[in-house]
>>> print(open('structure.cif').read())   # mmCIF, C-alpha atoms and all ligand atoms
data_work
#
loop_
_atom_site.label_atom_id
_atom_site.label_comp_id
_atom_site.auth_asym_id
_atom_site.auth_seq_id
_atom_site.Cartn_x
_atom_site.Cartn_y
_atom_site.Cartn_z
CA MET A 1 44.67 161.01 138.89
CA HIS A 2 45.22 163.15 141.93
CA LEU A 3 47.49 166.17 141.76
CA GLN A 4 48.26 167.54 145.21
CA ILE A 5 50.01 170.82 145.85
CA ALA A 6 50.69 170.91 149.60
CA ASP A 7 52.04 173.91 151.50
CA VAL A 8 54.21 174.96 148.60
CA SER A 9 56.40 178.02 149.14
CA LYS A 10 58.86 179.45 146.66
CA SER A 11 61.53 182.12 147.04
CA PHE A 12 64.00 183.30 144.46
CA GLY A 13 67.44 184.72 145.19
CA TYR A 14 69.63 184.46 148.26
CA GLY A 15 70.30 186.34 151.48
CA ALA A 16 69.13 189.94 151.59
CA ARG A 17 67.93 189.65 148.01
CA THR A 18 65.53 186.81 148.71
CA LYS A 19 62.12 187.35 147.20
CA GLU A 20 59.24 185.31 148.53
CA VAL A 21 56.96 184.63 145.57
CA LEU A 22 54.64 181.93 146.94
CA ARG A 23 53.67 181.19 150.52
CA GLN A 24 52.10 177.89 151.58
CA VAL A 25 49.96 177.31 148.53
CA SER A 26 47.77 174.22 148.77
CA PHE A 27 45.14 172.84 146.40
CA ALA A 28 44.29 169.68 144.52
CA VAL A 29 43.19 168.71 141.03
CA ASN A 30 41.41 165.38 140.60
CA SER A 31 40.63 163.34 137.53
CA GLY A 32 38.12 165.05 135.26
CA GLU A 33 38.15 168.30 137.22
CA PHE A 34 38.63 171.76 135.76
CA VAL A 35 40.35 173.97 138.31
CA ALA A 36 41.36 177.61 137.87
CA LEU A 37 43.83 179.81 139.70
CA VAL A 38 43.12 183.53 139.40
CA GLY A 39 45.38 186.37 140.41
CA SER A 40 46.70 189.72 139.32
CA SER A 41 49.91 190.15 137.35
CA GLY A 42 52.94 189.16 139.40
CA SER A 43 50.96 187.17 141.99
CA GLY A 44 52.95 184.05 141.16
CA LYS A 45 50.53 182.21 138.87
CA SER A 46 53.11 181.15 136.30
CA THR A 47 55.46 180.14 139.09
CA VAL A 48 52.80 177.72 140.39
CA LEU A 49 52.50 176.21 136.92
CA ARG A 50 56.25 176.00 136.41
CA LEU A 51 56.57 174.20 139.75
CA ILE A 52 53.90 171.67 138.74
CA ALA A 53 55.55 171.28 135.35
CA GLY A 54 58.80 170.44 137.14
CA LEU A 55 60.63 173.43 135.65
CA GLU A 56 61.26 174.83 139.15
CA ARG A 57 61.61 173.19 142.56
CA PRO A 58 59.58 174.35 145.56
CA SER A 59 61.53 175.96 148.43
CA ALA A 60 59.18 174.14 150.82
CA GLY A 61 56.17 171.87 150.56
CA SER A 62 55.44 169.12 148.09
CA ILE A 63 53.83 168.50 144.72
CA ARG A 64 52.60 164.97 144.17
CA MET A 65 50.77 163.11 141.46
CA ASP A 66 49.02 159.99 142.72
CA GLY A 67 51.16 160.24 145.82
CA ARG A 68 54.46 160.30 143.94
CA PRO A 69 56.58 163.48 144.24
CA LEU A 70 57.04 165.41 141.00
CA SER A 71 60.47 166.88 140.48
CA ALA A 72 61.12 166.84 136.74
CA PRO A 73 59.15 167.61 133.59
CA GLY A 74 57.22 164.66 132.20
CA SER A 75 54.71 163.84 129.50
CA ASP A 76 52.10 163.21 132.22
CA ARG A 77 51.67 167.01 132.29
CA GLY A 78 50.80 168.84 129.08
CA MET A 79 51.56 172.54 128.88
CA VAL A 80 49.93 175.33 126.90
CA PHE A 81 51.36 178.85 127.20
CA GLN A 82 50.08 182.33 126.45
CA LYS A 83 52.52 182.99 123.67
CA TYR A 84 52.16 180.70 120.75
CA SER A 85 54.77 178.11 121.33
CA LEU A 86 54.45 176.34 117.99
CA TYR A 87 57.54 175.67 115.93
CA PRO A 88 57.19 178.18 113.09
CA TRP A 89 58.93 175.99 110.52
CA LEU A 90 56.64 172.99 111.13
CA THR A 91 53.11 172.59 109.78
CA ALA A 92 50.15 172.26 112.17
CA ALA A 93 50.28 168.47 111.77
CA GLN A 94 54.05 168.32 112.32
CA ASN A 95 53.66 170.44 115.45
CA VAL A 96 51.03 168.05 116.81
CA ALA A 97 53.20 165.05 115.91
CA PHE A 98 56.33 166.52 117.51
CA GLY A 99 55.73 165.46 121.13
CA MET A 100 54.67 161.98 120.07
CA GLU A 101 57.87 161.64 118.03
CA LEU A 102 59.87 162.52 121.14
CA GLN A 103 57.95 159.78 122.94
CA GLY A 104 59.15 157.37 120.26
CA ARG A 105 55.69 156.24 119.18
CA PRO A 106 55.34 154.19 115.98
CA ARG A 107 54.99 156.25 112.81
CA ALA A 108 51.56 154.90 111.87
CA GLU A 109 50.20 155.63 115.33
CA ILE A 110 51.58 159.17 115.21
CA ARG A 111 49.90 159.77 111.86
CA GLU A 112 46.58 158.45 113.09
CA ARG A 113 46.64 160.35 116.38
CA THR A 114 47.74 163.59 114.70
CA GLY A 115 44.69 163.39 112.42
CA TYR A 116 42.47 162.57 115.35
CA PHE A 117 43.61 165.46 117.55
CA LEU A 118 43.52 168.00 114.72
CA GLU A 119 39.94 166.83 114.23
CA VAL A 120 39.21 167.22 117.95
CA VAL A 121 40.27 170.88 117.84
CA GLY A 122 38.44 171.46 114.56
CA LEU A 123 41.53 171.94 112.41
CA ALA A 124 41.59 168.87 110.19
CA ASP A 125 41.64 171.14 107.13
CA ALA A 126 44.60 173.13 108.39
CA ALA A 127 46.96 170.16 108.82
CA ARG A 128 49.45 171.31 106.19
CA ARG A 129 49.46 174.98 107.07
CA LEU A 130 52.33 176.73 108.84
CA PRO A 131 51.68 178.63 112.09
CA ARG A 132 52.01 182.00 110.32
CA GLU A 133 49.16 180.99 108.03
CA LEU A 134 46.86 180.41 111.02
CA SER A 135 44.99 182.92 113.20
CA GLY A 136 45.99 183.30 116.86
CA GLY A 137 43.02 181.22 118.00
CA MET A 138 43.84 178.48 115.50
CA GLN A 139 47.46 178.44 116.67
CA GLN A 140 46.34 177.99 120.27
CA ARG A 141 44.08 175.12 119.19
CA VAL A 142 47.10 173.47 117.55
CA ALA A 143 49.05 173.99 120.80
CA ILE A 144 46.20 172.35 122.74
CA ALA A 145 46.07 169.46 120.23
CA ARG A 146 49.83 169.00 120.58
CA ALA A 147 49.55 168.90 124.37
CA LEU A 148 46.61 166.46 124.30
CA ALA A 149 48.24 164.13 121.77
CA ALA A 150 50.95 163.21 124.28
CA GLU A 151 48.13 161.87 126.53
CA PRO A 152 48.90 163.94 129.61
CA GLN A 153 47.10 163.15 132.85
CA VAL A 154 46.55 166.85 133.34
CA LEU A 155 46.55 169.80 130.98
CA LEU A 156 48.25 172.91 132.42
CA LEU A 157 47.16 176.14 130.74
CA ASP A 158 48.95 179.43 131.48
CA GLU A 159 46.83 182.35 130.21
CA PRO A 160 46.22 180.41 126.99
CA PHE A 161 43.88 183.03 125.53
CA GLY A 162 45.58 186.12 126.95
CA ALA A 163 46.95 187.23 123.60
CA LEU A 164 43.65 186.89 121.74
CA ASP A 165 41.10 189.61 121.13
CA ILE A 166 37.82 189.43 122.98
CA GLN A 167 35.62 187.71 120.36
CA ILE A 168 38.18 185.02 119.65
CA ARG A 169 38.76 184.67 123.34
CA GLU A 170 35.09 183.97 123.95
CA SER A 171 34.93 181.40 121.19
CA MET A 172 38.08 179.74 122.56
CA GLN A 173 36.45 179.59 126.00
CA GLU A 174 33.47 177.81 124.39
CA PHE A 175 35.89 175.53 122.59
CA LEU A 176 37.82 174.59 125.74
CA HIS A 177 34.61 174.05 127.68
CA ASN A 178 33.20 171.74 125.00
CA LEU A 179 36.49 169.89 124.77
CA TRP A 180 36.44 169.34 128.52
CA ARG A 181 32.85 168.07 128.38
CA ARG A 182 33.49 165.79 125.43
CA THR A 183 36.84 164.31 126.42
CA GLY A 184 36.69 164.42 130.21
CA LEU A 185 40.15 165.96 130.36
CA THR A 186 41.64 167.19 133.62
CA ALA A 187 42.76 170.80 133.49
CA LEU A 188 44.38 173.50 135.57
CA LEU A 189 43.86 176.95 134.10
CA ILE A 190 45.90 179.94 135.23
CA THR A 191 44.36 183.29 134.36
CA HIS A 192 43.98 186.87 135.52
CA ASP A 193 40.50 186.86 133.95
CA LEU A 194 37.97 186.14 136.68
CA GLU A 195 35.09 185.73 134.23
CA GLU A 196 37.05 183.13 132.27
CA ALA A 197 37.87 181.20 135.44
CA LEU A 198 34.25 181.20 136.64
CA LEU A 199 32.90 180.18 133.24
CA LEU A 200 35.19 177.20 132.87
CA ALA A 201 36.21 175.88 136.26
CA GLY A 202 34.30 173.92 138.87
CA THR A 203 36.73 175.18 141.50
CA VAL A 204 38.35 178.60 141.47
CA HIS A 205 41.19 179.64 143.78
CA ILE A 206 42.05 183.29 144.26
CA LEU A 207 45.75 184.05 144.58
CA ALA A 208 46.70 187.20 146.49
CA PRO A 209 50.00 188.86 145.53
CA ALA A 210 53.28 189.52 147.34
CA PRO A 211 53.71 186.79 148.41
CA GLY A 212 51.34 184.69 146.33
CA ARG A 213 48.90 182.80 148.55
CA ILE A 214 45.41 181.40 148.18
CA VAL A 215 42.97 183.60 150.04
CA ARG A 216 39.69 182.24 148.78
CA SER A 217 38.48 179.04 147.12
CA VAL A 218 35.02 178.71 145.62
CA THR A 219 33.07 175.87 144.10
CA VAL A 220 31.23 177.12 141.03
CA ASP A 221 28.14 175.01 140.78
CA LEU A 222 26.26 176.73 137.95
CA ASP A 223 24.44 175.47 134.86
CA ARG A 224 27.03 175.41 132.06
CA SER A 225 24.79 174.09 129.28
CA SER A 226 25.22 177.46 127.55
CA LEU A 227 28.18 179.67 128.40
CA ALA A 228 26.52 182.55 126.55
CA HIS A 229 23.57 182.40 128.97
CA LEU A 230 25.77 181.72 131.97
CA ARG A 231 27.86 184.83 131.26
CA VAL A 232 24.85 187.11 131.75
CA SER A 233 22.91 185.12 134.36
CA ARG A 234 22.23 186.69 137.76
CA PRO A 235 23.97 184.09 139.97
CA PHE A 236 27.05 184.24 137.73
CA LEU A 237 27.22 188.04 137.74
CA ASP A 238 26.70 188.13 141.52
CA LEU A 239 29.50 185.65 142.13
CA ARG A 240 31.77 187.48 139.70
CA GLU A 241 31.14 190.78 141.42
CA GLU A 242 31.70 189.34 144.87
CA LEU A 243 35.03 187.84 143.85
CA ALA A 244 36.03 190.93 141.87
CA GLN A 245 35.64 192.91 145.09
CA CYS A 246 37.79 190.36 146.87
CA LEU A 247 40.46 190.72 144.14
CA ARG A 248 40.30 194.53 144.25
CA GLY A 249 40.83 194.38 148.00
CA LEU A 250 44.08 192.53 147.33
CA GLU A 251 45.64 195.17 145.10
CA PRO A 252 48.41 197.18 146.75
CA ALA A 253 46.94 200.42 148.02
CA LEU A 254 47.56 203.47 145.81
CA VAL A 255 49.25 206.02 148.01
CA ALA A 256 49.50 209.59 146.74
N1 LIG B 301 63.29 182.91 138.06
C1 LIG B 301 62.92 183.97 138.79
N2 LIG B 301 63.81 184.69 139.48
C2 LIG B 301 63.44 185.73 140.24
N3 LIG B 301 62.18 186.17 140.36
C3 LIG B 301 61.23 185.50 139.68
C4 LIG B 301 61.55 184.37 138.85
N4 LIG B 301 60.39 183.90 138.32
C5 LIG B 301 59.41 184.72 138.78
N5 LIG B 301 59.91 185.67 139.59
C6 LIG B 301 59.13 186.72 140.28
O1 LIG B 301 58.01 186.12 140.89
C7 LIG B 301 56.90 186.97 140.84
C8 LIG B 301 55.73 186.20 140.26
O2 LIG B 301 55.99 185.92 138.89
P1 LIG B 301 54.99 185.07 138.02
O3 LIG B 301 55.50 185.07 136.64
O4 LIG B 301 54.77 183.73 138.64
O5 LIG B 301 53.65 185.92 138.13
P2 LIG B 301 52.29 185.83 137.29
O6 LIG B 301 51.18 185.83 138.28
O7 LIG B 301 52.36 184.69 136.35
O8 LIG B 301 52.28 187.21 136.50
P3 LIG B 301 51.67 187.55 135.06
O9 LIG B 301 50.18 187.66 135.25
O10 LIG B 301 52.27 188.88 134.73
O11 LIG B 301 52.05 186.46 134.11
C9 LIG B 301 57.30 188.17 140.02
O12 LIG B 301 57.59 189.22 140.91
C10 LIG B 301 58.56 187.73 139.32
O13 LIG B 301 59.42 188.80 139.12
MG MG B 302 52.29 184.54 134.29
#
>>> encode(input="structure.cif", output="C-alpha cells", more="lines below")
Ligand SMILES: Nc1ncnc2c1ncn2[C@@H]1O[C@H](COP(=O)(O)OP(=O)(O)OP(=O)(O)O)[C@@H](O)[C@H]1O
Ligand SMILES: [Mg+2]
Amino acid sequence: MHLQIADVSKSFGYGARTKEVLRQVSFAVNSGEFVALVGSSGSGKSTVLRLIAGLERPSAGSIRMDGRPLSAPGSDRGMVFQKYSLYPWLTAAQNVAFGMELQGRPRAEIRERTGYFLEVVGLADAARRLPRELSGGMQQRVAIARALAAEPQVLLLDEPFGALDIQIRESMQEFLHNLWRRTGLTALLITHDLEEALLLAGTVHILAPAPGRIVRSVTVDLDRSSLAHLRVSRPFLDLREELAQCLRGLEPALVA
C-alpha cells in the first residue's frame, strides 16, 4: 500500500472570499508505517484527512493510493474521529459489526470478526454494553475496532484522544502503539500534540498554519520498547524541544 499526497492545495469559497487552507502539501504513507501530521488549531489538519477520506476534493494536486486517484470515500480507508462517533443506540458489538454489515459480509463472518476485533482492543467483556455505559477511552477503542474490522488499508485518526484526560490519553497511546506493533497496521495520525506524534510515529510532519503547509519532516528513530521510558529519555526530550520551538515560531505573532 502506498498512499501519496502530492502538491495538494485546498481553498474554500469563491472570488474575494477565497480562503487558502492548504498549500502544496506532499507526503506519503507506506504499508506498515505510522505517520503523524502535527499542527496548531486551524492549520488544516482535519482538511488533509477529509481530503484523503474523499470527503473533500483538492483544489490542486493529487491523492493516490497505489497509483490510483482517490476521489470518493471507500472502505480502504478507516476513519476515527476525536468525538465519539459511535451510534448511541447500538451496543459495542453492534457498532463494530455496522461497517461490515454495510459491506454485505456473511452473518457468521461478521459475528466472528466482531468478537475478534473487540478482543484486539481489549473489550471482549463489553460487547453488549451501550456507548453511554463505556468510558471515553473504551468508546474510542470501540471506534478503532469498528474501523479495523472493515479491513482498511490505512487507518486515518483525527485527534482520536483529544477529548480524553491525560492518564487515559497516555494509556490509549500505549494501546495504539501496541496495536500497531502487533497487527502491522498502517496509520496516519493527525494531532496537535507533539509528544503524542513523536511517541507513536516513525515520521512526523509539521504543518504550519495559514495556509497549511509542511515546513519540517523528521524521521523518529528512537527505541520504542517502552513508551514510558521513551517519554522521559534525553534524545526524545531534545527532539521534542527542538520541534516545539519550530512550532512556536509558526504561531502568528502577538502584536500589542
Ligand atoms: N468547509 C469549509 N469551508 C470553509 N472553510 C473551511 C471549511 N473546512 C475548513 N475550513 C477552514 O480551514 C481552516 C482549517 O480547518 P481544519 O479543520 O482543517 O483545521 P485543524 O488543523 O483540523 O484545526 P483543529 O486543530 O482546530 O481541529 C480553518 O480556518 C477552517 O475555518
Ligand atoms: Mg481538526
>>> residues_around(input="structure.cif", residues="stretch 208-212 of chain A", least_positions_apart="4", cutoff="7 Å", atoms="all atoms listed in the file", output="list in words")
Glu20, Val21, Leu22, Arg23, Gly39, Gly42, Ser43, Gly44 and Leu250 of chain A
>>> write_last_selection(input="structure.cif", atoms="C-alpha atoms", output="PDB file, keeping the file's coordinate frame")
ATOM      1  CA  GLU A  20      59.240 185.310 148.530  1.00  0.00           C
ATOM      2  CA  VAL A  21      56.960 184.630 145.570  1.00  0.00           C
ATOM      3  CA  LEU A  22      54.640 181.930 146.940  1.00  0.00           C
ATOM      4  CA  ARG A  23      53.670 181.190 150.520  1.00  0.00           C
ATOM      5  CA  GLY A  39      45.380 186.370 140.410  1.00  0.00           C
ATOM      6  CA  GLY A  42      52.940 189.160 139.400  1.00  0.00           C
ATOM      7  CA  SER A  43      50.960 187.170 141.990  1.00  0.00           C
ATOM      8  CA  GLY A  44      52.950 184.050 141.160  1.00  0.00           C
ATOM      9  CA  LEU A 250      44.080 192.530 147.330  1.00  0.00           C
TER      10      LEU A 250
END
>>> closest_residue(input="structure.cif", among="A:Glu119, A:Asp125, A:Asp221, A:Asp158", to="ligand MG 302 (chain B)", atoms="only C-alpha atoms and all ligand atoms")
A:Asp158
>>> closest_atom_pairs(input="structure.cif", of="chain A", to="ligand MG 302 (chain B)", cutoff="9 Å", atoms="only C-alpha atoms and all ligand atoms", output="JSON lines")
{"residue": "A:Ser41", "atom": "CA", "partner": "B:MG302", "partner_atom": "MG", "distance": 6.8}
{"residue": "A:Gly42", "atom": "CA", "partner": "B:MG302", "partner_atom": "MG", "distance": 6.9}
{"residue": "A:Ser43", "atom": "CA", "partner": "B:MG302", "partner_atom": "MG", "distance": 8.2}
{"residue": "A:Gly44", "atom": "CA", "partner": "B:MG302", "partner_atom": "MG", "distance": 6.9}
{"residue": "A:Lys45", "atom": "CA", "partner": "B:MG302", "partner_atom": "MG", "distance": 5.4}
{"residue": "A:Ser46", "atom": "CA", "partner": "B:MG302", "partner_atom": "MG", "distance": 4.0}
{"residue": "A:Thr47", "atom": "CA", "partner": "B:MG302", "partner_atom": "MG", "distance": 7.2}
{"residue": "A:Leu49", "atom": "CA", "partner": "B:MG302", "partner_atom": "MG", "distance": 8.7}
{"residue": "A:Gln82", "atom": "CA", "partner": "B:MG302", "partner_atom": "MG", "distance": 8.4}
{"residue": "A:Asp158", "atom": "CA", "partner": "B:MG302", "partner_atom": "MG", "distance": 6.7}
{"residue": "A:Glu159", "atom": "CA", "partner": "B:MG302", "partner_atom": "MG", "distance": 7.2}
{"residue": "A:Ile190", "atom": "CA", "partner": "B:MG302", "partner_atom": "MG", "distance": 7.9}
{"residue": "A:Thr191", "atom": "CA", "partner": "B:MG302", "partner_atom": "MG", "distance": 8.0}
{"residue": "A:His192", "atom": "CA", "partner": "B:MG302", "partner_atom": "MG", "distance": 8.7}
>>> atom_distance(input="structure.cif", atom1="atom CA of A:Ser11", atom2="atom CA of A:Ile52")
15.4 Å
>>> closest_residue(input="structure.cif", among="A:Ser40, A:Thr183, A:Gln94, A:Gln245", to="ligand LIG 301 (chain B)", atoms="only C-alpha atoms and all ligand atoms")
A:Ser40
>>> atom_distance(input="structure.cif", atom1="atom CA of A:Ser85", atom2="atom CA of A:Val142")
9.7 Å
>>> decode(input="structure.cif", residues="stretch 87-98 of chain A", atoms="N, CA, C and O atoms", output="compact mmCIF listing (two decimals), in the first residue's frame")
# COMPACT_ATOMS: atom_id res chain seq x y z
N TYR A 87 -22.67 4.88 17.30
CA TYR A 87 -24.12 5.03 17.33
C TYR A 87 -24.59 4.74 18.75
O TYR A 87 -24.36 3.64 19.26
N PRO A 88 -25.23 5.71 19.40
CA PRO A 88 -25.55 5.57 20.82
C PRO A 88 -26.56 4.47 21.12
O PRO A 88 -26.59 3.94 22.22
N TRP A 89 -27.39 4.14 20.11
CA TRP A 89 -28.43 3.14 20.36
C TRP A 89 -27.95 1.72 20.05
O TRP A 89 -28.70 0.77 20.21
N LEU A 90 -26.71 1.58 19.57
CA LEU A 90 -26.18 0.24 19.29
C LEU A 90 -25.17 -0.15 20.35
O LEU A 90 -24.44 0.69 20.87
N THR A 91 -25.10 -1.45 20.67
CA THR A 91 -24.10 -1.92 21.63
C THR A 91 -22.72 -1.83 20.98
O THR A 91 -22.59 -1.60 19.78
N ALA A 92 -21.68 -2.05 21.81
CA ALA A 92 -20.31 -2.04 21.30
C ALA A 92 -20.18 -3.01 20.14
O ALA A 92 -19.65 -2.67 19.06
N ALA A 93 -20.70 -4.23 20.31
CA ALA A 93 -20.59 -5.24 19.26
C ALA A 93 -21.34 -4.82 18.00
O ALA A 93 -20.84 -4.96 16.88
N GLN A 94 -22.53 -4.25 18.18
CA GLN A 94 -23.31 -3.82 17.01
C GLN A 94 -22.61 -2.67 16.28
O GLN A 94 -22.67 -2.58 15.05
N ASN A 95 -21.95 -1.80 17.05
CA ASN A 95 -21.18 -0.73 16.42
C ASN A 95 -20.05 -1.29 15.58
O ASN A 95 -19.81 -0.83 14.46
N VAL A 96 -19.34 -2.29 16.13
CA VAL A 96 -18.22 -2.88 15.39
C VAL A 96 -18.74 -3.60 14.14
O VAL A 96 -18.14 -3.54 13.07
N ALA A 97 -19.91 -4.23 14.27
CA ALA A 97 -20.47 -5.00 13.15
C ALA A 97 -21.00 -4.10 12.04
O ALA A 97 -21.08 -4.52 10.88
N PHE A 98 -21.34 -2.87 12.39
CA PHE A 98 -22.07 -1.99 11.48
C PHE A 98 -21.43 -1.84 10.10
O PHE A 98 -22.08 -2.03 9.07
